[in-house]
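Everything below belongs to my_file.pdb, which stores PDB, C-alpha atoms.
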```
MODEL        1
ATOM      1  CA  MET Q 108     205.619 188.475 172.310
ATOM      2  CA  ASN Q 109     204.162 188.645 168.858
ATOM      3  CA  SER Q 110     201.496 191.231 168.162
ATOM      4  CA  ILE Q 111     197.945 189.906 168.240
ATOM      5  CA  THR Q 112     196.204 189.915 164.880
ATOM      6  CA  SER Q 113     193.154 188.249 163.427
ATOM      7  CA  PRO Q 114     192.520 187.663 159.726
ATOM      8  CA  PHE Q 115     188.800 188.269 160.350
ATOM      9  CA  LEU Q 116     189.458 191.651 161.895
ATOM     10  CA  ALA Q 117     192.033 192.881 159.423
ATOM     11  CA  SER Q 118     191.217 195.530 156.877
ATOM     12  CA  GLY Q 119     191.302 194.839 153.173
ATOM     13  CA  THR Q 120     189.646 191.981 151.331
ATOM     14  CA  GLY Q 121     188.806 190.024 154.488
ATOM     15  CA  ALA Q 122     190.380 186.864 153.108
ATOM     16  CA  GLY Q 123     192.677 185.177 155.565
ATOM     17  CA  PRO Q 124     195.798 183.162 154.787
ATOM     18  CA  ALA Q 125     195.534 179.706 153.326
ATOM     19  CA  ALA Q 126     194.554 177.192 155.976
ATOM     20  CA  GLY Q 127     197.432 175.378 157.557
ATOM     21  CA  THR Q 128     200.257 177.652 156.426
ATOM     22  CA  GLY Q 129     203.381 178.514 158.410
ATOM     23  CA  ALA Q 130     204.597 177.258 161.760
ATOM     24  CA  PRO Q 131     202.097 175.865 164.275
ATOM     25  CA  ILE Q 132     200.216 178.545 166.196
ATOM     26  CA  LEU Q 133     198.985 176.023 168.781
ATOM     27  CA  CYS Q 134     200.622 172.871 170.124
ATOM     28  CA  VAL Q 135     198.796 170.605 172.559
ATOM     29  CA  ASP Q 136     201.343 168.096 173.841
ATOM     30  CA  ARG Q 137     200.313 164.973 175.792
ATOM     31  CA  VAL Q 138     197.684 166.856 177.774
ATOM     32  CA  GLY Q 139     195.903 164.983 180.546
ATOM     33  CA  LYS Q 140     193.326 166.077 183.102
ATOM     34  CA  VAL Q 141     192.242 164.342 186.292
ATOM     35  CA  PHE Q 142     189.456 165.433 188.640
ATOM     36  CA  GLY Q 143     190.013 163.523 191.862
ATOM     37  CA  ALA Q 144     189.921 159.832 190.916
ATOM     38  CA  HIS Q 145     188.251 160.538 187.567
ATOM     39  CA  ARG Q 146     190.446 160.844 184.465
ATOM     40  CA  VAL Q 147     188.835 163.108 181.871
ATOM     41  CA  LEU Q 148     191.712 163.525 179.368
ATOM     42  CA  GLU Q 149     194.649 161.268 178.615
ATOM     43  CA  ASP Q 150     197.616 161.883 176.332
ATOM     44  CA  VAL Q 151     195.895 164.337 173.963
ATOM     45  CA  SER Q 152     198.237 165.852 171.366
ATOM     46  CA  PHE Q 153     197.683 167.859 168.195
ATOM     47  CA  GLN Q 154     198.922 170.976 166.426
ATOM     48  CA  MET Q 155     197.198 173.622 164.333
ATOM     49  CA  ARG Q 156     198.326 176.362 162.017
ATOM     50  CA  THR Q 157     197.008 179.820 161.232
ATOM     51  CA  GLY Q 158     193.782 179.752 159.258
ATOM     52  CA  GLU Q 159     192.872 176.169 160.098
ATOM     53  CA  VAL Q 160     189.447 175.132 161.325
ATOM     54  CA  ILE Q 161     189.416 171.995 163.482
ATOM     55  CA  ALA Q 162     186.171 170.327 164.522
ATOM     56  CA  ILE Q 163     186.247 168.123 167.619
ATOM     57  CA  ILE Q 164     183.472 165.555 167.734
ATOM     58  CA  GLY Q 165     182.629 162.547 169.853
ATOM     59  CA  PRO Q 166     180.083 161.200 172.330
ATOM     60  CA  SER Q 167     179.048 163.196 175.387
ATOM     61  CA  GLY Q 168     181.529 162.858 178.222
ATOM     62  CA  SER Q 169     184.496 162.264 175.948
ATOM     63  CA  GLY Q 170     186.455 165.256 177.283
ATOM     64  CA  LYS Q 171     185.920 167.677 174.386
ATOM     65  CA  SER Q 172     184.837 170.675 176.448
ATOM     66  CA  THR Q 173     187.467 169.999 179.108
ATOM     67  CA  LEU Q 174     190.116 170.019 176.380
ATOM     68  CA  LEU Q 175     189.072 173.527 175.293
ATOM     69  CA  ARG Q 176     189.146 174.693 178.899
ATOM     70  CA  CYS Q 177     192.662 173.276 179.297
ATOM     71  CA  ILE Q 178     193.820 175.089 176.156
ATOM     72  CA  ASN Q 179     192.812 178.491 177.514
ATOM     73  CA  GLN Q 180     193.729 177.559 181.117
ATOM     74  CA  LEU Q 181     190.219 177.800 182.556
ATOM     75  CA  GLU Q 182     191.144 174.303 183.746
ATOM     76  CA  PRO Q 183     194.885 173.797 184.300
ATOM     77  CA  PRO Q 184     196.043 170.520 182.731
ATOM     78  CA  THR Q 185     197.220 167.797 185.098
ATOM     79  CA  GLU Q 186     199.799 166.595 182.557
ATOM     80  CA  GLY Q 187     201.421 167.867 179.398
ATOM     81  CA  SER Q 188     201.718 171.378 178.003
ATOM     82  CA  VAL Q 189     199.958 173.925 175.802
ATOM     83  CA  THR Q 190     201.930 176.288 173.559
ATOM     84  CA  ILE Q 191     200.436 179.372 171.902
ATOM     85  CA  ASP Q 192     202.963 180.938 169.532
ATOM     86  CA  ASP Q 193     206.000 181.499 171.775
ATOM     87  CA  VAL Q 194     204.301 180.947 175.138
ATOM     88  CA  THR Q 195     204.325 177.456 176.703
ATOM     89  CA  ILE Q 196     202.475 176.603 179.892
ATOM     90  CA  HIS Q 197     203.326 173.248 181.445
ATOM     91  CA  ALA Q 198     201.123 171.225 183.765
ATOM     92  CA  GLY Q 199     201.874 172.183 187.359
ATOM     93  CA  GLN Q 200     203.123 175.606 186.301
ATOM     94  CA  ALA Q 201     201.167 178.488 187.810
ATOM     95  CA  PRO Q 202     201.047 181.188 185.114
ATOM     96  CA  SER Q 203     201.156 184.768 186.297
ATOM     97  CA  HIS Q 204     198.112 187.010 186.019
ATOM     98  CA  ARG Q 205     199.791 188.847 183.149
ATOM     99  CA  GLU Q 206     200.466 185.582 181.297
ATOM    100  CA  LEU Q 207     196.858 184.495 181.731
ATOM    101  CA  VAL Q 208     195.521 187.824 180.467
ATOM    102  CA  THR Q 209     197.824 187.633 177.429
ATOM    103  CA  LEU Q 210     196.885 184.016 176.752
ATOM    104  CA  ARG Q 211     193.167 184.662 176.979
ATOM    105  CA  ARG Q 212     193.429 187.669 174.705
ATOM    106  CA  ARG Q 213     195.087 185.447 172.140
ATOM    107  CA  ILE Q 214     192.359 182.823 172.562
ATOM    108  CA  GLY Q 215     188.721 183.882 172.338
ATOM    109  CA  MET Q 216     186.094 181.479 173.645
ATOM    110  CA  VAL Q 217     182.370 181.120 173.027
ATOM    111  CA  PHE Q 218     180.515 178.857 175.440
ATOM    112  CA  GLN Q 219     177.285 176.858 175.279
ATOM    113  CA  SER Q 220     175.676 179.458 177.539
ATOM    114  CA  PHE Q 221     175.930 183.040 176.373
ATOM    115  CA  ASN Q 222     177.254 184.545 179.655
ATOM    116  CA  LEU Q 223     176.096 188.047 178.742
ATOM    117  CA  PHE Q 224     175.611 190.686 181.421
ATOM    118  CA  PRO Q 225     171.803 191.072 181.664
ATOM    119  CA  HIS Q 226     171.988 194.571 183.178
ATOM    120  CA  LEU Q 227     174.140 195.961 180.346
ATOM    121  CA  SER Q 228     173.090 196.839 176.823
ATOM    122  CA  VAL Q 229     174.269 194.724 173.918
ATOM    123  CA  LEU Q 230     176.774 197.443 173.015
ATOM    124  CA  ARG Q 231     178.198 197.601 176.544
ATOM    125  CA  ASN Q 232     178.468 193.801 176.659
ATOM    126  CA  VAL Q 233     180.767 193.938 173.639
ATOM    127  CA  SER Q 234     182.667 197.095 174.637
ATOM    128  CA  LEU Q 235     183.397 196.570 178.314
ATOM    129  CA  ALA Q 236     186.194 194.003 178.001
ATOM    130  CA  GLN Q 237     187.938 196.120 175.356
ATOM    131  CA  GLU Q 238     188.121 199.027 177.778
ATOM    132  CA  ARG Q 239     189.324 196.931 180.696
ATOM    133  CA  THR Q 240     191.846 194.653 178.982
ATOM    134  CA  MET Q 241     192.934 196.623 175.908
ATOM    135  CA  GLY Q 242     192.846 200.162 177.282
ATOM    136  CA  ARG Q 243     190.520 201.443 174.586
ATOM    137  CA  SER Q 244     188.472 204.526 175.325
ATOM    138  CA  ARG Q 245     184.719 204.085 175.497
ATOM    139  CA  LYS Q 246     184.372 205.815 172.133
ATOM    140  CA  GLU Q 247     186.964 203.561 170.493
ATOM    141  CA  ALA Q 248     185.445 200.443 172.025
ATOM    142  CA  ASP Q 249     181.914 201.372 171.001
ATOM    143  CA  GLU Q 250     183.014 202.079 167.429
ATOM    144  CA  ARG Q 251     184.680 198.658 167.232
ATOM    145  CA  SER Q 252     181.703 196.982 168.851
ATOM    146  CA  LEU Q 253     179.285 198.499 166.343
ATOM    147  CA  GLU Q 254     181.466 197.255 163.474
ATOM    148  CA  LEU Q 255     181.388 193.731 164.865
ATOM    149  CA  LEU Q 256     177.674 193.819 165.654
ATOM    150  CA  GLU Q 257     177.108 194.902 162.073
ATOM    151  CA  ARG Q 258     179.208 191.962 160.906
ATOM    152  CA  VAL Q 259     177.077 189.468 162.854
ATOM    153  CA  GLY Q 260     173.875 191.185 161.720
ATOM    154  CA  LEU Q 261     172.902 192.780 165.026
ATOM    155  CA  ALA Q 262     173.817 196.479 164.847
ATOM    156  CA  ASN Q 263     170.122 197.280 165.319
ATOM    157  CA  LYS Q 264     170.208 195.557 168.727
ATOM    158  CA  ALA Q 265     173.045 197.687 170.148
ATOM    159  CA  SER Q 266     170.890 199.691 172.572
ATOM    160  CA  GLN Q 267     168.739 196.770 173.723
ATOM    161  CA  PHE Q 268     169.306 194.444 176.655
ATOM    162  CA  PRO Q 269     170.145 190.774 176.083
ATOM    163  CA  VAL Q 270     166.772 189.603 177.419
ATOM    164  CA  ARG Q 271     165.138 191.268 174.403
ATOM    165  CA  CYS Q 272     167.233 189.141 172.034
ATOM    166  CA  SER Q 273     166.637 185.555 170.939
ATOM    167  CA  GLY Q 274     169.027 182.786 171.934
ATOM    168  CA  GLY Q 275     170.627 182.826 168.501
ATOM    169  CA  GLN Q 276     171.088 186.581 168.677
ATOM    170  CA  GLN Q 277     172.622 186.337 172.144
ATOM    171  CA  GLN Q 278     175.115 183.760 170.915
ATOM    172  CA  ARG Q 279     176.048 186.012 167.987
ATOM    173  CA  ILE Q 280     176.573 188.854 170.485
ATOM    174  CA  ALA Q 281     178.857 186.553 172.467
ATOM    175  CA  ILE Q 282     180.834 185.862 169.267
ATOM    176  CA  ALA Q 283     181.171 189.604 168.600
ATOM    177  CA  ARG Q 284     182.353 190.121 172.187
ATOM    178  CA  ALA Q 285     185.046 187.458 171.816
ATOM    179  CA  LEU Q 286     186.185 188.854 168.472
ATOM    180  CA  ALA Q 287     186.433 192.368 169.901
ATOM    181  CA  LEU Q 288     189.570 191.336 171.807
ATOM    182  CA  GLU Q 289     191.223 190.425 168.485
ATOM    183  CA  PRO Q 290     192.126 186.812 169.303
ATOM    184  CA  GLU Q 291     194.460 184.706 167.214
ATOM    185  CA  ILE Q 292     192.369 181.584 167.834
ATOM    186  CA  MET Q 293     188.652 181.193 168.509
ATOM    187  CA  LEU Q 294     187.359 178.281 170.581
ATOM    188  CA  PHE Q 295     183.684 177.321 170.277
ATOM    189  CA  ASP Q 296     182.237 174.937 172.868
ATOM    190  CA  GLU Q 297     179.056 173.498 171.312
ATOM    191  CA  PRO Q 298     177.734 177.003 170.586
ATOM    192  CA  THR Q 299     174.421 175.760 169.134
ATOM    193  CA  SER Q 300     173.589 173.056 171.685
ATOM    194  CA  ALA Q 301     171.270 175.320 173.722
ATOM    195  CA  LEU Q 302     169.427 176.589 170.634
ATOM    196  CA  ASP Q 303     166.607 175.221 168.559
ATOM    197  CA  PRO Q 304     167.648 174.236 165.005
ATOM    198  CA  GLU Q 305     166.469 177.431 163.308
ATOM    199  CA  LEU Q 306     168.330 179.715 165.726
ATOM    200  CA  GLY Q 307     171.341 177.433 165.568
ATOM    201  CA  LEU Q 308     171.544 178.012 161.830
ATOM    202  CA  GLU Q 309     172.011 181.758 162.458
ATOM    203  CA  VAL Q 310     175.043 181.042 164.617
ATOM    204  CA  LEU Q 311     176.486 178.443 162.224
ATOM    205  CA  ALA Q 312     176.215 180.955 159.373
ATOM    206  CA  VAL Q 313     178.350 183.457 161.317
ATOM    207  CA  MET Q 314     180.872 180.740 162.170
ATOM    208  CA  LYS Q 315     181.052 179.654 158.535
ATOM    209  CA  GLU Q 316     181.771 183.242 157.505
ATOM    210  CA  LEU Q 317     184.523 183.441 160.105
ATOM    211  CA  ALA Q 318     186.058 180.240 158.766
ATOM    212  CA  THR Q 319     185.841 181.474 155.181
ATOM    213  CA  SER Q 320     187.543 184.743 156.122
ATOM    214  CA  GLY Q 321     190.519 182.904 157.613
ATOM    215  CA  MET Q 322     189.829 182.813 161.339
ATOM    216  CA  THR Q 323     191.738 180.077 163.162
ATOM    217  CA  MET Q 324     189.048 178.050 164.972
ATOM    218  CA  ILE Q 325     188.551 174.968 167.126
ATOM    219  CA  VAL Q 326     184.898 173.953 167.282
ATOM    220  CA  VAL Q 327     183.477 171.334 169.623
ATOM    221  CA  THR Q 328     180.241 170.409 167.914
ATOM    222  CA  HIS Q 329     177.505 167.866 167.352
ATOM    223  CA  GLU Q 330     176.765 169.486 163.978
ATOM    224  CA  MET Q 331     178.154 166.815 161.671
ATOM    225  CA  HIS Q 332     177.489 168.762 158.468
ATOM    226  CA  PHE Q 333     179.495 171.708 159.817
ATOM    227  CA  ALA Q 334     182.317 169.366 160.831
ATOM    228  CA  GLU Q 335     182.505 167.807 157.380
ATOM    229  CA  SER Q 336     181.845 170.791 155.140
ATOM    230  CA  VAL Q 337     183.457 173.728 156.979
ATOM    231  CA  SER Q 338     186.367 172.343 158.996
ATOM    232  CA  ASP Q 339     189.738 171.455 157.511
ATOM    233  CA  ARG Q 340     190.407 168.677 160.016
ATOM    234  CA  VAL Q 341     188.309 166.581 162.374
ATOM    235  CA  ILE Q 342     189.405 165.118 165.697
ATOM    236  CA  VAL Q 343     187.245 162.296 167.059
ATOM    237  CA  MET Q 344     187.418 161.800 170.826
ATOM    238  CA  ALA Q 345     186.034 159.162 173.194
ATOM    239  CA  ASP Q 346     186.799 158.383 176.829
ATOM    240  CA  GLY Q 347     189.236 161.284 177.058
ATOM    241  CA  ARG Q 348     191.418 160.125 174.172
ATOM    242  CA  VAL Q 349     191.834 161.012 170.515
ATOM    243  CA  LEU Q 350     190.507 158.148 168.404
ATOM    244  CA  GLU Q 351     191.239 159.665 165.005
ATOM    245  CA  GLU Q 352     192.515 162.867 163.478
ATOM    246  CA  GLY Q 353     192.669 163.802 159.811
ATOM    247  CA  GLU Q 354     191.169 165.667 156.894
ATOM    248  CA  SER Q 355     187.474 166.213 157.431
ATOM    249  CA  GLU Q 356     186.056 164.224 154.539
ATOM    250  CA  GLU Q 357     188.416 161.315 155.139
ATOM    251  CA  VAL Q 358     187.549 161.007 158.833
ATOM    252  CA  MET Q 359     183.826 161.605 158.419
ATOM    253  CA  ARG Q 360     183.317 159.224 155.491
ATOM    254  CA  ARG Q 361     186.052 156.647 155.999
ATOM    255  CA  PRO Q 362     186.793 156.323 159.733
ATOM    256  CA  LYS Q 363     189.614 153.935 160.497
ATOM    257  CA  THR Q 364     188.609 152.837 164.002
ATOM    258  CA  GLU Q 365     185.559 150.794 164.882
ATOM    259  CA  ARG Q 366     184.661 153.128 167.779
ATOM    260  CA  ALA Q 367     184.694 156.211 165.542
ATOM    261  CA  ALA Q 368     182.671 154.376 162.877
ATOM    262  CA  ARG Q 369     180.018 153.423 165.453
ATOM    263  CA  PHE Q 370     179.754 156.993 166.708
ATOM    264  CA  LEU Q 371     179.453 158.483 163.224
ATOM    265  CA  SER Q 372     176.893 155.880 162.200
ATOM    266  CA  ALA Q 373     174.808 156.653 165.283
ATOM    267  CA  VAL Q 374     174.762 160.428 164.848
ATOM    268  CA  ARG Q 375     174.024 160.209 161.131
ATOM    269  CA  ASP Q 376     171.084 157.846 161.720
ATOM    270  CA  ARG Q 377     169.326 160.210 164.154
TER
ENDMDL
END
```
When written as structure tokens, how does the structure in this file appear?
Amino acid sequence: MNSITSPFLASGTGAGPAAGTGAPILCVDRVGKVFGAHRVLEDVSFQMRTGEVIAIIGPSGSGKSTLLRCINQLEPPTEGSVTIDDVTIHAGQAPSHRELVTLRRRIGMVFQSFNLFPHLSVLRNVSLAQERTMGRSRKEADERSLELLERVGLANKASQFPVRCSGGQQQRIAIARALALEPEIMLFDEPTSALDPELGLEVLAVMKELATSGMTMIVVTHEMHFAESVSDRVIVMADGRVLEEGESEEVMRRPKTERAARFLSAVRDR
């Protein structure tokens, strides 16, 4: 398998490759997901290349979060396949533990809830997974964690416990923890939805910096300004299907389908 690298984590200028260059790093092919008698996703396909930022928008219940969970195999797809670089997992295929660990190292994920360990310090929250999945010593992991906490503006919180941090700070810690495993792609599942607007801005600022530095990102979001101004492409979903996909400004300002136009009109008029 290819070595795992991240433009954000590389040394040097910090500038990543031009968005959308090279062969696809991710291919989602005709993915479907059914829970019992309820179909959540149907025939979802798209590709992305290194350095791209894709925003996924749409009404609640449209399958956006489930799609992210299918990409990193937290929810196995019922139909279709997901390919990361040279690894393809088909629906119905049970990946081995080793394949899942490799896949999830390549794909970092930040959830709506922060999922931090309350009994561990901020530093240990960021370091622990590095020790267990990457084989880093505690010293090496802590050094890397401090670098990343500095990058998200929270090095001064390293010795504190998560409960002493605001919601926005906890989400930034969760971002640092995901980045510590050096993923090729970062998935964000509505990372500001549990935060008030001011704290959400802290998180969006970190995400914008990641995008600017070349991190490959898929962001499920209700933040329409972020979708239009930061992402390279926007995917609009409803009822488990992709309604539209295209360059951000084109989709956001000139939607081609009536359903997408109604959704965008509604969220802009709030």
**Message:** Using only C-alpha atoms, can you tell me which of Q:Asp303, Q:Glu297, Q:Glu309, Q:Asp150 comes closest to Ile325 of chain Q?
**Reply:**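 So, comparing all the options, the nearest one is Q:Glu297.
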Starting from the PyMOL selection byres ((chain Q and resi 281) around 9), expand the selection into actual residues of this file and give them as a compact mmCIF listing (two decimals) with C-alpha atoms, in the frame of the given file.
```txt
# COMPACT_ATOMS: atom_id res chain seq x y z
CA MET Q 216 186.09 181.48 173.64
CA VAL Q 217 182.37 181.12 173.03
CA PHE Q 218 180.52 178.86 175.44
CA PHE Q 221 175.93 183.04 176.37
CA ASN Q 222 177.25 184.54 179.66
CA LEU Q 223 176.10 188.05 178.74
CA ASN Q 232 178.47 193.80 176.66
CA VAL Q 233 180.77 193.94 173.64
CA GLN Q 276 171.09 186.58 168.68
CA GLN Q 277 172.62 186.34 172.14
CA GLN Q 278 175.12 183.76 170.92
CA ARG Q 279 176.05 186.01 167.99
CA ILE Q 280 176.57 188.85 170.48
CA ILE Q 282 180.83 185.86 169.27
CA ALA Q 283 181.17 189.60 168.60
CA ARG Q 284 182.35 190.12 172.19
CA ALA Q 285 185.05 187.46 171.82
CA LEU Q 286 186.18 188.85 168.47
```
**Item:** For segment 205-213 of chain Q: contacts at 9 Å, only C-alpha atoms, fewer than 4 positions along chain excluded, given as a list in words
**Value:**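 After dropping sequence-adjacent residues, the list is Ile111, Thr112, Asn179, Gln180, Ile191, Val194, Thr240, Ala285, Leu288, Glu289, Pro290, Glu291, Ile292 and Met293 of chain Q.
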Taking the file as I've supplied it (selection: the PyMOL selection byres ((chain Q and resi 342-347) around 6)), which residues are included? Please answer as a tab-separated table (two decimals) with C-alpha atoms, in the coordinates of the input.
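result-v1.tsv was written with the following content:
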```
chain	number	residue	atom	x	y	z
Q	147	VAL	CA	188.84	163.11	181.87
Q	148	LEU	CA	191.71	163.52	179.37
Q	149	GLU	CA	194.65	161.27	178.62
Q	163	ILE	CA	186.25	168.12	167.62
Q	164	ILE	CA	183.47	165.56	167.73
Q	165	GLY	CA	182.63	162.55	169.85
Q	169	SER	CA	184.50	162.26	175.95
Q	170	GLY	CA	186.46	165.26	177.28
Q	341	VAL	CA	188.31	166.58	162.37
Q	348	ARG	CA	191.42	160.12	174.17
Q	349	VAL	CA	191.83	161.01	170.52
Q	350	LEU	CA	190.51	158.15	168.40
Q	351	GLU	CA	191.24	159.66	165.00
Q	352	GLU	CA	192.52	162.87	163.48
```
**Coordinates-based distance that separates atom CA of Pro304 of chain Q from atom CA of Val229 of chain Q (Å, one decimal)** =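 Atom-to-atom, atom CA of Val229 of chain Q to atom CA of Pro304 of chain Q, that is 23.3 Å.
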**Request:** Calculate how many Å separate atom CA of Asp136 of chain Q from atom CA of Glu182 of chain Q, rounding to one decimal.
**Result:**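 Interatomic distance here is 15.5 Å.
Each of Q:Ser252, Q:Ser228, Q:Gln219, Q:Thr299 was checked against Gln267 of chain Q using all atoms listed in the file; the smallest atom-to-atom distance is that of Q:Ser228.
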**Prompt:** In Å, how far is it from atom CA of Arg176 of chain Q to atom CA of Lys140 of chain Q?
**Reply:** 10.5 Å
**Request:** Identify the residues within 10 Å of coordinate (199.4, 166.4, 167.5) (same frame as the file), considering only C-alpha atoms, and give the answer as a PyMOL selection string.
**Result:** chain Q and resi 133-137+151-155+349+352
Exactly which residues make up the result of the PyMOL selection byres ((chain Q and resi 225) around 8) on this file, given as a short mmCIF file (atom, residue, chain, number, x, y, z; two decimals) with C-alpha atoms, in the frame of the given file?
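The new file part.cif reads:
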```
data_model
loop_
_atom_site.label_atom_id
_atom_site.label_comp_id
_atom_site.auth_asym_id
_atom_site.auth_seq_id
_atom_site.Cartn_x
_atom_site.Cartn_y
_atom_site.Cartn_z
CA LEU Q 223 176.10 188.05 178.74
CA PHE Q 224 175.61 190.69 181.42
CA HIS Q 226 171.99 194.57 183.18
CA LEU Q 227 174.14 195.96 180.35
CA SER Q 228 173.09 196.84 176.82
CA PHE Q 268 169.31 194.44 176.66
CA PRO Q 269 170.14 190.77 176.08
CA VAL Q 270 166.77 189.60 177.42
#
```
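Remark: for Lys171 of chain Q, the closest of the candidate residues Q:Gly275, Q:Phe333, Q:Val138, Q:Val327 is Q:Val327 (distances computed over all atoms listed in the file).
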Shell around Arg340 of chain Q at 6 Å using all atoms listed in the file, local window under 2 positions removed, as a PDB file with C-alpha atoms, keeping the file's coordinate frame:
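What landed in out_16.pdb:
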```
ATOM      1  CA  ILE Q 161     189.416 171.995 163.482  1.00  0.00           C
ATOM      2  CA  SER Q 338     186.367 172.343 158.996  1.00  0.00           C
ATOM      3  CA  GLY Q 353     192.669 163.802 159.811  1.00  0.00           C
ATOM      4  CA  GLU Q 354     191.169 165.667 156.894  1.00  0.00           C
ATOM      5  CA  SER Q 355     187.474 166.213 157.431  1.00  0.00           C
TER       6      SER Q 355
END
```
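If all atoms listed in the file are the atoms counted, then among Q:Pro362, Q:Gly187, Q:Gly260, Q:Gly274 the closest residue to Glu316 of chain Q is Q:Gly260.
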**Message:** Let me make sure I understand: among Q:Pro131, Q:Gly215, Q:Gly158, Q:Gly199, which one has the smallest atom-to-atom distance to Ala318 of chain Q if we use only C-alpha atoms?
**Reply:**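 The answer is Q:Gly158, which sits nearest to Ala318 of chain Q.
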**Asked** Contacts of Leu253 of chain Q at 12 Å or less, counting only C-alpha atoms, minus same-chain residues fewer than 4 places along, as a PyMOL selection string?
**Response** chain Q and resi 229-234+246-249+257-266+280+283-284+287
**Asked** Counting only C-alpha atoms, which residues come within 12 Å of (176.4, 170.5, 157.6), with the point read in the file's coordinates, and could you list them as a PyMOL selection string?
**Response** chain Q and resi 162+307-308+311-312+315+328-338+355-356+359+375
**Message:** For a quick check of understanding, using only C-alpha atoms, which of Q:Gly242, Q:Gly321, Q:Gly139, Q:Pro298 has the smallest distance to Thr185 of chain Q?
**Reply:**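 Going through Q:Gly242, Q:Gly321, Q:Gly139, Q:Pro298 one by one, the smallest distance to Thr185 of chain Q is for Q:Gly139.
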Completion step: segment 182-195 of chain Q with N, CA and C atoms as a short mmCIF file (atom, residue, chain, number, x, y, z; two decimals), keeping the file's coordinate frame:
```cif
data_model
loop_
_atom_site.label_atom_id
_atom_site.label_comp_id
_atom_site.auth_asym_id
_atom_site.auth_seq_id
_atom_site.Cartn_x
_atom_site.Cartn_y
_atom_site.Cartn_z
N GLU Q 182 190.81 175.48 182.94
CA GLU Q 182 191.14 174.30 183.75
C GLU Q 182 192.62 174.00 183.52
N PRO Q 183 193.46 174.11 184.51
CA PRO Q 183 194.88 173.80 184.30
C PRO Q 183 195.07 172.31 184.04
N PRO Q 184 195.80 171.94 182.99
CA PRO Q 184 196.04 170.52 182.73
C PRO Q 184 196.79 169.85 183.89
N THR Q 185 196.50 168.58 184.10
CA THR Q 185 197.22 167.80 185.10
C THR Q 185 198.54 167.30 184.55
N GLU Q 186 198.59 167.08 183.23
CA GLU Q 186 199.80 166.60 182.56
C GLU Q 186 199.94 167.32 181.23
N GLY Q 187 201.16 167.34 180.73
CA GLY Q 187 201.42 167.87 179.40
C GLY Q 187 201.60 169.37 179.37
N SER Q 188 201.51 169.94 178.17
CA SER Q 188 201.72 171.38 178.00
C SER Q 188 200.89 171.90 176.84
N VAL Q 189 200.66 173.21 176.88
CA VAL Q 189 199.96 173.92 175.80
C VAL Q 189 200.84 175.09 175.39
N THR Q 190 201.11 175.20 174.08
CA THR Q 190 201.93 176.29 173.56
C THR Q 190 201.11 177.12 172.58
N ILE Q 191 201.06 178.41 172.83
CA ILE Q 191 200.44 179.37 171.90
C ILE Q 191 201.54 180.27 171.40
N ASP Q 192 201.84 180.18 170.10
CA ASP Q 192 202.96 180.94 169.53
C ASP Q 192 204.23 180.64 170.35
N ASP Q 193 204.74 181.65 171.06
CA ASP Q 193 206.00 181.50 171.78
C ASP Q 193 205.81 181.35 173.28
N VAL Q 194 204.59 181.09 173.71
CA VAL Q 194 204.30 180.95 175.14
C VAL Q 194 203.89 179.51 175.43
N THR Q 195 204.64 178.83 176.30
CA THR Q 195 204.32 177.46 176.70
C THR Q 195 203.99 177.43 178.18
#
```
